[in-house]
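Student: Below are the C-alpha cells for one structure; questions will follow.
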There are 2 protein chains.
Amino acid sequence: MAVTLKDIAIECGVSYSTVSKALKDSPLVTEATKRKIKEKAEEMNYIPNNSARSLVSNKSNTIGLIWPAVDRVAVTTLASQINEAVKKAGYFMVVSIDDPITAAGKFLELRFDGVIVFDEGEETRLPAKITNNIPVVAYGVERELDYPIINVNHDKSMQLAVDTLMDKGHSEIDYIGDLETKDIRQIIKKETFIHYCEEKKVNYRLIDSEGLSEEVTSNSLRKFLANNTLKRGIVCGSYDITMGLLHHIDKQAEKPMIVSYDNIKKFDAIDTPVYTVGVPSEKIAESLVQMLIKHIEAEDIEEEQIIQLYPEVTYP
Amino acid sequence: MAVTLKDIAIECGVSYSTVSKALKDSPLVTEATKRKIKEKAEEMNYIPNNSARSLVSNKSNTIGLIWPAVDRVAVTTLASQINEAVKKAGYFMVVSIDDPITAAGKFLELRFDGVIVFDEGEETRLPAKITNNIPVVAYGVERELDYPIINVNHDKSMQLAVDTLMDKGHSEIDYIGDLETKDIRQIIKKETFIHYCEEKKVNYRLIDSEGLSEEVTSNSLRKFLANNTLKRGIVCGSYDITMGLLHHIDKQAEKPMIVSYDNIKKFDAIDTPVYTVGVPSEKIAESLVQMLIKHIEAEDIEEEQIIQLYPEVTYP
DNA sequence: TTGAAAGCGCTACCAG
DNA sequence: CTGGTAGCGCTTTCAA
C-alpha cells in the first residue's frame with residue numbers, strides 16, 4: 001500500500017540500501033543520485049515507516065509527556081513550551097492524558113525514547129519496572145524518586161512573595177490557596193507561607209480556595225466576602241486562583257496588591273496588574289528537556305537526581 | 001536489553017511462536033502452557049514491542065488527536081471524553097499540540113491507526129497526501145473536506161439560545177462573542193444570532209469579547225461597561241466568554257439571564273446558574289470515535305461525509 | 001560509490 | 001497443539 005524504500009529503488013534503478021542512505025543525506029552517495037532519489041521520493045509521497053526504523057535502530061525520536069490533569073492554565077503554558085523545546089532538540093512530542101502508569105506503559109510499548117511526567121504525588125510515581133526501561137524526568141517538588149526531578153522550589157517562591165509584599169509596606173497578608181489537599185505543591189506553598197509569616201512577624205490569614213480552579217475559587221471567595229473583607233496584601237497560590245479572585249476585585253476602585261504564584265506570560269493579558277513569582281515557564285521547559293535528552297543520549301550518567309531552579313519576581 | 005518473546009521461549013522451553021500465541025490468548029495453546037508462559041512473561045517484565053508488532057500487522061492500536069490550541073476549557077473537556085471513548089474501543093490515544101500538518105505527518109510516520117482533528121478552518125485542513133494514507137475524522141463545522149466531519153450545528157444552537165431567552169420573555173438580547181475572527185465556528189454563531197434575531201424581531205446588540213479567552217473578554221467588557229449597561233438577556237459565545245462575563249456580574253443582585261454556548265458539565269460548578277446550549281460533549285466524543293473506528297476497521301465505506309449532531313438546552 | 005545481506009521483534013501461515 | 005519459517009521496512013555492516 002504505502003510507498004517503501006524498495007519502490008523508490010525500483011523507480012530509480014538503484015538498490016534500496018542506496019535509497020536509505022540518500023534519504024539520510026549520507027556522504028556515501030553522490031550528490032547527483034541523492035538528488036534524483038530525493039525527488040522521486042517526494043514525488044511518490046514517501047513516508048518513512050517509523051516502526052521499521054525504530055525496530056532496527058532502537059530509536060523512535062519521539063518523547064511522551066504524561067499530563068493527566070489537562071485543565072490548569074499554567075500547566076498548559078508549560079506544555080506548549082516543552083513542546084517547543086522538544087522540537088528544537090529534534091524530537092517529536094506527544095502527550096497522554098491517561099493515568100500516568102497506563103500512559104508510561106504505552107509509551108514503553110511504543111518504544112518512545114523518553115518520558116516527561118508532571119509529578120503530583122504518589123499516584124504519579126512511575127514504577128521501577130517502567131523507569132528501568134526508559135529515561136524519565138519529572139517536574140515537581142523535591143522528593144525521592146528513582147529518576148531525576150526538576151524542583152522549582154515552591155518554598156522560595158512563597159518567601160519571595162511575602163518579601164515582595166513587605167517591601168511595599170504590607171504587614172498584613174492574606175493567602176488564598178487550596179488548603180485541604182494532598183497535592184504536595186499546594187501543601188508546600190501553604191506551609192512555607194505560614195512559617196515565613198511567623199518568622200517575619202507578619203499578620204496573616206489563610207483563605208481556602210477549595211480547589212485549584214477559577215470557578216471554585218470564585219465561589220469560595222464569595223462566601224468569604226459575605227462576612228469579611230480582604231487585606232491590602234494578597235498572595236495567591238496559582239494563576240487560576242488569581243483569576244478567581246479577580247472576579248471579585250475587578251471593579252473595586254482601591255485594588256489590593258496581589259502577588260501570584262506561577263510565572264507565565266499569560267498574566268500580561270490581564271488588566272489588573274499582578275506581581276508574579278515563580279520560575280519562568282520557559283526555563284522549566286528548557287531544563288526538563290535538556291535533562292531528558294542528556295539521559296537519552298548518554299547512557300547512565302551519574303548525575304544529581306534533583307535539579308534546582310530558582311524563582312523570580314515579575315511585575316508587568 | 002529488553003525482554004523479547006525469544007527470551008521467554010527459552011526460559012519456558014517452547015518455541016517463540018508458541019509464546020506469541022499464548023500471550024495473545026490464542027485457543028491454539030493449552031491452558032497449562034499458556035499459564036506458564038504468561039507467568040514467566042510477567043515475571044520477566046516482558047513489554048511487547050509495538051514497532052515490531054506494527055511492522056508486521058500494520059496496526060499500532062493507537063490513534064492521534066490533533067489539538068493545537070490546548071487552552072480552551074470546553075475543548076479540554078472534550079479531549080478527556082474522547083480519550084475515554086478511544087480507550088473503550090480498545091485503542092490508546094495520544095495528543096499532539098503541534099501544528100496540524102506536522103502532527104498528522106508524524107502520526108503517519110508512527111503508523112498510527114487514525115487521527116482526529118479539531119477543524120478550525122483552512123489552517124487545519126489536512127492535505128490529501130496525508131488523508132489518503134490514514135483515516136481522519138474532523139470535529140468542526142459543515143464544510144467540504146475529503147474526510148468525514150462531525151457538525152455540531154452551531155447555527156441551531158444559537159437559534160435555540162435565542163428561543164430560550166424569548167420563551168422567558170426577553171425581547172432585547174446582547175450577544176457577547178469573538179466578532180473579529182476567521183474562526184468559522186465563531187462566525188457562524190455570530191451570523192446566525194444576527195439573522196435569527198432579525199427574523200424574530202428581537203432587539204439585539206453585538207458585544208466584542210475581542211478573543212476567546214476569559215481574560216480578554218473580561219477586559220473588553222470592562223471597557224464596554226464603562227459607558228453601557230448590559231441587557232437582561234445575554235447570549236455568550238463560549239464557556240470561557242461566559243466566565244469573563246461573570247467577573248462583572250458576579251456580585252450583582254439582579255442577575256441577567258445568560259444562555260451560553262458549550263454544553264459541558266463544568267457549568268455545574270459555577271455559582272451563577274447559566275443556561276447552556278450545544279451538543280453535550282460526551283455525545284460529540286462518542287460520535288467522533290465511532291466514526292473513526294468504523295473507518296479504521298472497515299476499508300473505504302461509502303459513507304455520508306458529514307455527521308449531524310443536534311444541540312440541546314440545559315439548565316443546572 | 002553502490003549493492004547484498006543480515007537481522008531488529010513480531011505475526012501468521014503451514015507442516016508436523 | 002506446537003514448531004519452523006517467511007517476511008513486514010528499515011539500518012548497517014561488509015564486499016564489490
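Please note that chains go A, B, ... in the order of the C-alpha cells, that every chain numbers its residues from 1, and that ligands are numbered from 1 in the order shown.
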So that I can check the surroundings of Ser157 (chain B), please list as JSON, numbers by chain every protein, DNA and RNA residue that reaches within 9 Å of it, counting only C-alpha atoms (C1' of nucleotides) and ignoring chain neighbours fewer than 6 positions away.

Tutor: {"B": [189, 261, 277, 278, 279, 310, 311, 312, 313]}

Student: With N, CA and C atoms retained, could you export that selection as a short mmCIF file (atom, residue, chain, number, x, y, z; two decimals), in the first residue's frame?

Tutor:
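Contents of result_35.cif, as written:
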```
data_model
loop_
_atom_site.label_atom_id
_atom_site.label_comp_id
_atom_site.auth_asym_id
_atom_site.auth_seq_id
_atom_site.Cartn_x
_atom_site.Cartn_y
_atom_site.Cartn_z
N LYS B 189 -21.72 31.37 14.59
CA LYS B 189 -22.52 31.70 15.77
C LYS B 189 -23.02 33.13 15.69
N TYR B 261 -23.14 29.19 24.99
CA TYR B 261 -22.79 28.07 24.14
C TYR B 261 -21.81 27.19 24.90
N VAL B 277 -26.40 25.84 25.83
CA VAL B 277 -26.84 25.19 24.59
C VAL B 277 -25.67 24.57 23.86
N GLY B 278 -25.94 23.48 23.18
CA GLY B 278 -24.89 22.83 22.43
C GLY B 278 -25.06 21.33 22.49
N VAL B 279 -24.28 20.64 21.71
CA VAL B 279 -24.31 19.19 21.77
C VAL B 279 -23.48 18.78 22.97
N TYR B 310 -27.21 17.30 16.97
CA TYR B 310 -28.07 18.44 17.27
C TYR B 310 -28.01 18.88 18.73
N PRO B 311 -28.05 20.18 18.92
CA PRO B 311 -27.88 20.77 20.25
C PRO B 311 -29.08 20.57 21.19
N GLU B 312 -28.80 20.70 22.45
CA GLU B 312 -29.83 20.63 23.49
C GLU B 312 -29.64 21.82 24.44
N VAL B 313 -30.68 22.16 25.16
CA VAL B 313 -30.55 23.20 26.19
C VAL B 313 -30.47 22.51 27.54
#
```

Student: With 10 Å as the cut-off and only C-alpha atoms (C1' of nucleotides) counted, what is the closest atom pair between each nearby residue of chain C and chain A? Distances in Å to one decimal, ordered by chain and number, as CSV.

Tutor:
```
residue,atom,partner,partner_atom,distance
C:DT1,C1',A:Val29,CA,6.2
C:DT2,C1',A:Thr18,CA,6.8
C:DG3,C1',A:Ser15,CA,6.2
C:DA4,C1',A:Ser17,CA,9.0
C:DG7,C1',A:Val56,CA,8.1
C:DC8,C1',A:Val56,CA,4.3
C:DG9,C1',A:Leu55,CA,7.3
```

Student: If you run DSSP on the backbone, which residues of region 106-180 of chain B are strand (DSSP E), as number ranges by chain?

Tutor: B: 114-118, 136-140, 149-151, 172-177

Student: Those residues you just picked out, can you put them in a file as a compact mmCIF listing (two decimals), in the first residue's frame with all heavy atoms?

Tutor:
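Writing done, so here's part.txt:
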```txt
# COMPACT_ATOMS: atom_id res chain seq x y z
N GLY B 114 -5.32 6.01 13.17
CA GLY B 114 -6.28 7.02 12.76
C GLY B 114 -6.00 8.34 13.44
O GLY B 114 -5.23 8.39 14.40
N VAL B 115 -6.60 9.39 12.93
CA VAL B 115 -6.42 10.68 13.58
C VAL B 115 -7.72 11.45 13.68
O VAL B 115 -8.60 11.36 12.82
CB VAL B 115 -5.26 11.54 12.98
CG1 VAL B 115 -4.50 10.81 11.91
CG2 VAL B 115 -5.72 12.88 12.51
N ILE B 116 -7.84 12.17 14.77
CA ILE B 116 -8.98 13.06 15.00
C ILE B 116 -8.42 14.47 15.00
O ILE B 116 -7.41 14.73 15.64
CB ILE B 116 -9.66 12.77 16.35
CG1 ILE B 116 -10.25 11.36 16.34
CG2 ILE B 116 -10.75 13.81 16.63
CD1 ILE B 116 -10.85 10.94 17.67
N VAL B 117 -9.06 15.34 14.25
CA VAL B 117 -8.54 16.70 14.20
C VAL B 117 -9.65 17.69 14.53
O VAL B 117 -10.78 17.54 14.09
CB VAL B 117 -7.88 16.99 12.84
CG1 VAL B 117 -8.85 16.75 11.69
CG2 VAL B 117 -7.34 18.42 12.76
N PHE B 118 -9.30 18.68 15.34
CA PHE B 118 -10.25 19.75 15.63
C PHE B 118 -10.16 20.74 14.48
O PHE B 118 -9.16 21.45 14.33
CB PHE B 118 -9.90 20.44 16.95
CG PHE B 118 -10.18 19.56 18.15
CD1 PHE B 118 -9.64 19.87 19.39
CD2 PHE B 118 -10.99 18.43 18.05
CE1 PHE B 118 -9.90 19.07 20.51
CE2 PHE B 118 -11.26 17.63 19.16
CZ PHE B 118 -10.70 17.95 20.38
N VAL B 136 -9.10 9.76 8.85
CA VAL B 136 -9.17 11.01 9.60
C VAL B 136 -10.63 11.37 9.83
O VAL B 136 -11.46 11.19 8.95
CB VAL B 136 -8.51 12.16 8.81
CG1 VAL B 136 -8.68 13.49 9.53
CG2 VAL B 136 -7.04 11.88 8.57
N VAL B 137 -10.93 11.85 11.01
CA VAL B 137 -12.26 12.41 11.27
C VAL B 137 -12.07 13.79 11.89
O VAL B 137 -11.19 13.96 12.75
CB VAL B 137 -13.09 11.51 12.20
CG1 VAL B 137 -14.40 12.20 12.56
CG2 VAL B 137 -13.37 10.18 11.56
N ALA B 138 -12.85 14.75 11.44
CA ALA B 138 -12.72 16.10 11.97
C ALA B 138 -13.90 16.45 12.83
O ALA B 138 -15.00 15.91 12.69
CB ALA B 138 -12.59 17.09 10.83
N TYR B 139 -13.64 17.38 13.74
CA TYR B 139 -14.72 17.92 14.55
C TYR B 139 -14.79 19.39 14.22
O TYR B 139 -13.80 20.11 14.36
CB TYR B 139 -14.42 17.70 16.03
CG TYR B 139 -15.23 18.59 16.93
CD1 TYR B 139 -16.62 18.55 16.89
CD2 TYR B 139 -14.62 19.45 17.82
CE1 TYR B 139 -17.37 19.38 17.71
CE2 TYR B 139 -15.35 20.27 18.65
CZ TYR B 139 -16.73 20.23 18.58
OH TYR B 139 -17.47 21.05 19.38
N GLY B 140 -15.92 19.82 13.75
CA GLY B 140 -15.99 21.23 13.40
C GLY B 140 -17.33 21.65 12.86
O GLY B 140 -18.36 21.40 13.45
N ILE B 149 -16.60 14.77 8.73
CA ILE B 149 -16.57 15.81 9.75
C ILE B 149 -17.85 15.75 10.57
O ILE B 149 -18.93 15.51 10.04
CB ILE B 149 -16.35 17.20 9.13
CG1 ILE B 149 -16.29 18.30 10.20
CG2 ILE B 149 -17.42 17.54 8.09
CD1 ILE B 149 -15.65 19.57 9.72
N ILE B 150 -17.69 15.91 11.86
CA ILE B 150 -18.84 15.94 12.74
C ILE B 150 -19.29 17.39 12.86
O ILE B 150 -18.52 18.23 13.33
CB ILE B 150 -18.47 15.43 14.16
CG1 ILE B 150 -17.81 14.06 14.10
CG2 ILE B 150 -19.68 15.47 15.08
CD1 ILE B 150 -18.71 12.89 14.17
N ASN B 151 -20.48 17.66 12.47
CA ASN B 151 -21.01 19.02 12.55
C ASN B 151 -21.92 19.13 13.76
O ASN B 151 -22.91 18.41 13.88
CB ASN B 151 -21.79 19.34 11.28
CG ASN B 151 -22.41 20.72 11.31
OD1 ASN B 151 -22.11 21.53 12.20
ND2 ASN B 151 -23.26 21.00 10.35
N GLU B 172 -35.03 41.79 24.24
CA GLU B 172 -33.80 42.54 23.96
C GLU B 172 -32.64 41.66 24.41
O GLU B 172 -32.56 41.28 25.59
CB GLU B 172 -33.78 43.83 24.77
CG GLU B 172 -34.92 44.76 24.45
CD GLU B 172 -34.52 46.20 24.77
OE1 GLU B 172 -33.90 46.40 25.84
OE2 GLU B 172 -34.78 47.09 23.95
N ILE B 173 -31.77 41.37 23.48
CA ILE B 173 -30.72 40.41 23.79
C ILE B 173 -29.35 40.90 23.36
O ILE B 173 -29.18 41.44 22.28
CB ILE B 173 -31.02 39.06 23.08
CG1 ILE B 173 -32.40 38.54 23.51
CG2 ILE B 173 -29.95 38.04 23.39
CD1 ILE B 173 -32.79 37.22 22.87
N ASP B 174 -28.37 40.69 24.26
CA ASP B 174 -26.98 41.00 23.91
C ASP B 174 -26.26 39.72 23.54
O ASP B 174 -26.47 38.67 24.16
CB ASP B 174 -26.26 41.62 25.12
CG ASP B 174 -26.59 43.11 25.28
OD1 ASP B 174 -26.96 43.74 24.27
OD2 ASP B 174 -26.45 43.62 26.41
N TYR B 175 -25.41 39.84 22.54
CA TYR B 175 -24.56 38.70 22.20
C TYR B 175 -23.14 39.08 22.53
O TYR B 175 -22.62 40.11 22.07
CB TYR B 175 -24.68 38.37 20.71
CG TYR B 175 -23.73 37.30 20.25
CD1 TYR B 175 -24.04 35.95 20.46
CD2 TYR B 175 -22.53 37.61 19.61
CE1 TYR B 175 -23.18 34.95 20.04
CE2 TYR B 175 -21.66 36.61 19.20
CZ TYR B 175 -21.99 35.29 19.42
OH TYR B 175 -21.14 34.29 19.01
N ILE B 176 -22.47 38.26 23.32
CA ILE B 176 -21.05 38.51 23.61
C ILE B 176 -20.24 37.40 22.97
O ILE B 176 -20.43 36.21 23.28
CB ILE B 176 -20.77 38.52 25.12
CG1 ILE B 176 -21.73 39.49 25.83
CG2 ILE B 176 -19.32 38.90 25.39
CD1 ILE B 176 -21.58 39.48 27.34
N GLY B 177 -19.37 37.75 22.05
CA GLY B 177 -18.59 36.73 21.38
C GLY B 177 -17.44 37.34 20.62
O GLY B 177 -17.28 38.56 20.58
```

Student: Considering only C-alpha atoms, tabulate each residue of chain B that lies at most 9 Å from chain A along with its nearest interatomic pair and the corresponding distance in Å to one decimal; arrange the rows by chain and ascending residue number and present them as a tab-separated table.

Tutor:
```
residue	atom	partner	partner_atom	distance
B:Met1	CA	A:Asn133	CA	8.8
B:Ala2	CA	A:Asn133	CA	7.5
B:Asn45	CA	A:Lys129	CA	7.1
B:Ile47	CA	A:Glu109	CA	6.2
B:Pro48	CA	A:Glu109	CA	5.7
B:Asn49	CA	A:Glu109	CA	5.3
B:Asn50	CA	A:Leu110	CA	5.1
B:Ser51	CA	A:Ser51	CA	4.2
B:Ala52	CA	A:Leu55	CA	6.0
B:Arg53	CA	A:Ser51	CA	8.5
B:Ser54	CA	A:Ser51	CA	6.5
B:Leu55	CA	A:Ser51	CA	5.8
B:Ser60	CA	A:Leu110	CA	8.4
B:Gly64	CA	A:Val94	CA	8.9
B:Val70	CA	A:Thr76	CA	6.5
B:Asp71	CA	A:Thr76	CA	6.3
B:Arg72	CA	A:Asp71	CA	8.6
B:Val73	CA	A:Asp71	CA	6.8
B:Thr76	CA	A:Asp71	CA	6.4
B:Thr77	CA	A:Asp71	CA	8.2
B:Ala79	CA	A:Ile97	CA	8.6
B:Ser80	CA	A:Ile97	CA	7.2
B:Asn83	CA	A:Ile97	CA	7.5
B:Glu84	CA	A:Asp98	CA	8.7
B:Phe92	CA	A:Lys106	CA	7.7
B:Met93	CA	A:Ser96	CA	6.9
B:Val94	CA	A:Ser96	CA	5.0
B:Val95	CA	A:Val95	CA	5.0
B:Ser96	CA	A:Val94	CA	5.1
B:Ile97	CA	A:Ser80	CA	7.1
B:Asp98	CA	A:Asn83	CA	7.5
B:Ala103	CA	A:Phe92	CA	8.7
B:Gly105	CA	A:Ile47	CA	8.3
B:Lys106	CA	A:Phe92	CA	7.7
B:Leu108	CA	A:Ile47	CA	7.4
B:Glu109	CA	A:Asn50	CA	5.2
B:Leu110	CA	A:Asn50	CA	5.1
B:Arg111	CA	A:Asn49	CA	6.9
B:Lys129	CA	A:Asn45	CA	7.1
B:Asn133	CA	A:Ala2	CA	7.4
B:Glu215	CA	A:Ile270	CA	5.9
B:Val216	CA	A:Ala269	CA	7.0
B:Ser218	CA	A:Asp271	CA	8.5
B:Asn219	CA	A:Asp271	CA	6.1
B:Arg222	CA	A:Lys251	CA	8.3
B:Met243	CA	A:Glu215	CA	8.3
B:Gly244	CA	A:His247	CA	8.5
B:Leu246	CA	A:His247	CA	7.2
B:His247	CA	A:His247	CA	4.1
B:His248	CA	A:His247	CA	6.9
B:Ile249	CA	A:His247	CA	8.8
B:Asp250	CA	A:His247	CA	7.1
B:Lys251	CA	A:His248	CA	7.5
B:Ala269	CA	A:Glu215	CA	6.7
B:Ile270	CA	A:Glu215	CA	5.9
B:Asp271	CA	A:Asn219	CA	6.1
```

Student: Specify as an MDAnalysis selection string all residues of chain D found within 8 Å of chain A, counting only C-alpha atoms (C1' of nucleotides).

Tutor: chainID D and resid 9:11

Student: List the spatial neighbours of DG16 (chain C) as a PyMOL selection string - criterion: any atom at most 10 Å away, only C-alpha atoms (C1' of nucleotides), same-chain residues fewer than 3 positions off excluded.

Tutor: chain D and resi 2-4

Student: What does the distance from CA of Glu142 (chain A) to CA of Ile306 (chain A) come to in Å, to one decimal?

Tutor: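 Separation between CA of Glu142 (chain A) and CA of Ile306 (chain A): 6.8 Å.
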
Student: In region 61-259 of chain B, what's helix (DSSP H, G or I) per DSSP? Answer as a PyMOL selection string?

Tutor: chain B and resi 73-88+100-109+122-124+128-131+154-167+184-199+214-227+239-249

Student: In Å, with one decimal, what is the gap from CA of Met291 (chain A) to CA of Gln305 (chain A)?

Tutor: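 Distance reported for this atom pair: 10.1 Å.
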
Student: Give me, please, the distance in Å between CA of Asn61 (chain A) and CA of Ala104 (chain B), quoted to one decimal.

Tutor: 15.6 Å

Student: At a cut-off of 8 Å, using only C-alpha atoms (C1' of nucleotides), what residues contact Cys12 (chain B)? Leave out same-chain residues fewer than 6 positions from it and give the result as a compact mmCIF listing (two decimals) with C-alpha atoms, in the first residue's frame.

Tutor:
```txt
# COMPACT_ATOMS: atom_id res chain seq x y z
CA LYS B 36 3.13 -20.93 32.46
CA ILE B 37 4.15 -18.61 29.66
CA LYS B 40 7.08 -16.15 33.06
```

Student: Name all residues at most 10 Å from DC13 (chain C) (count only C-alpha atoms (C1' of nucleotides); drop same-chain ones fewer than 2 positions away) and give them as a short mmCIF file (atom, residue, chain, number, x, y, z; two decimals) with N, CA, C and O atoms (P, O5', C5', C4', C3', O3' and C1' of nucleotides), in the first residue's frame.

Tutor:
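So the final result, stored in part.cif, reads:
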```
data_model
loop_
_atom_site.label_atom_id
_atom_site.label_comp_id
_atom_site.auth_asym_id
_atom_site.auth_seq_id
_atom_site.Cartn_x
_atom_site.Cartn_y
_atom_site.Cartn_z
P DT C 11 3.05 -10.37 18.15
"O5'" DT C 11 2.67 -10.75 16.65
"C5'" DT C 11 2.19 -9.73 15.79
"C4'" DT C 11 1.86 -10.32 14.44
"C3'" DT C 11 0.77 -11.39 14.44
"O3'" DT C 11 -0.05 -11.10 13.31
"C1'" DT C 11 2.72 -12.27 13.45
P DA C 15 1.98 -26.94 4.05
"O5'" DA C 15 2.97 -27.73 5.03
"C5'" DA C 15 4.20 -27.12 5.38
"C4'" DA C 15 4.88 -27.94 6.46
"C3'" DA C 15 4.58 -29.44 6.42
"O3'" DA C 15 5.79 -30.13 6.68
"C1'" DA C 15 3.85 -28.51 8.49
P DT D 5 13.10 -24.05 9.88
"O5'" DT D 5 12.19 -22.90 9.26
"C5'" DT D 5 11.06 -23.27 8.46
"C4'" DT D 5 10.46 -22.01 7.84
"C3'" DT D 5 11.48 -20.92 7.55
"O3'" DT D 5 11.08 -20.28 6.35
"C1'" DT D 5 9.83 -20.04 8.91
P DA D 6 12.11 -19.62 5.40
"O5'" DA D 6 11.18 -18.64 4.56
"C5'" DA D 6 9.85 -19.06 4.23
"C4'" DA D 6 8.95 -17.84 4.20
"C3'" DA D 6 9.62 -16.60 3.62
"O3'" DA D 6 8.65 -15.93 2.84
"C1'" DA D 6 8.91 -16.14 5.81
#
```
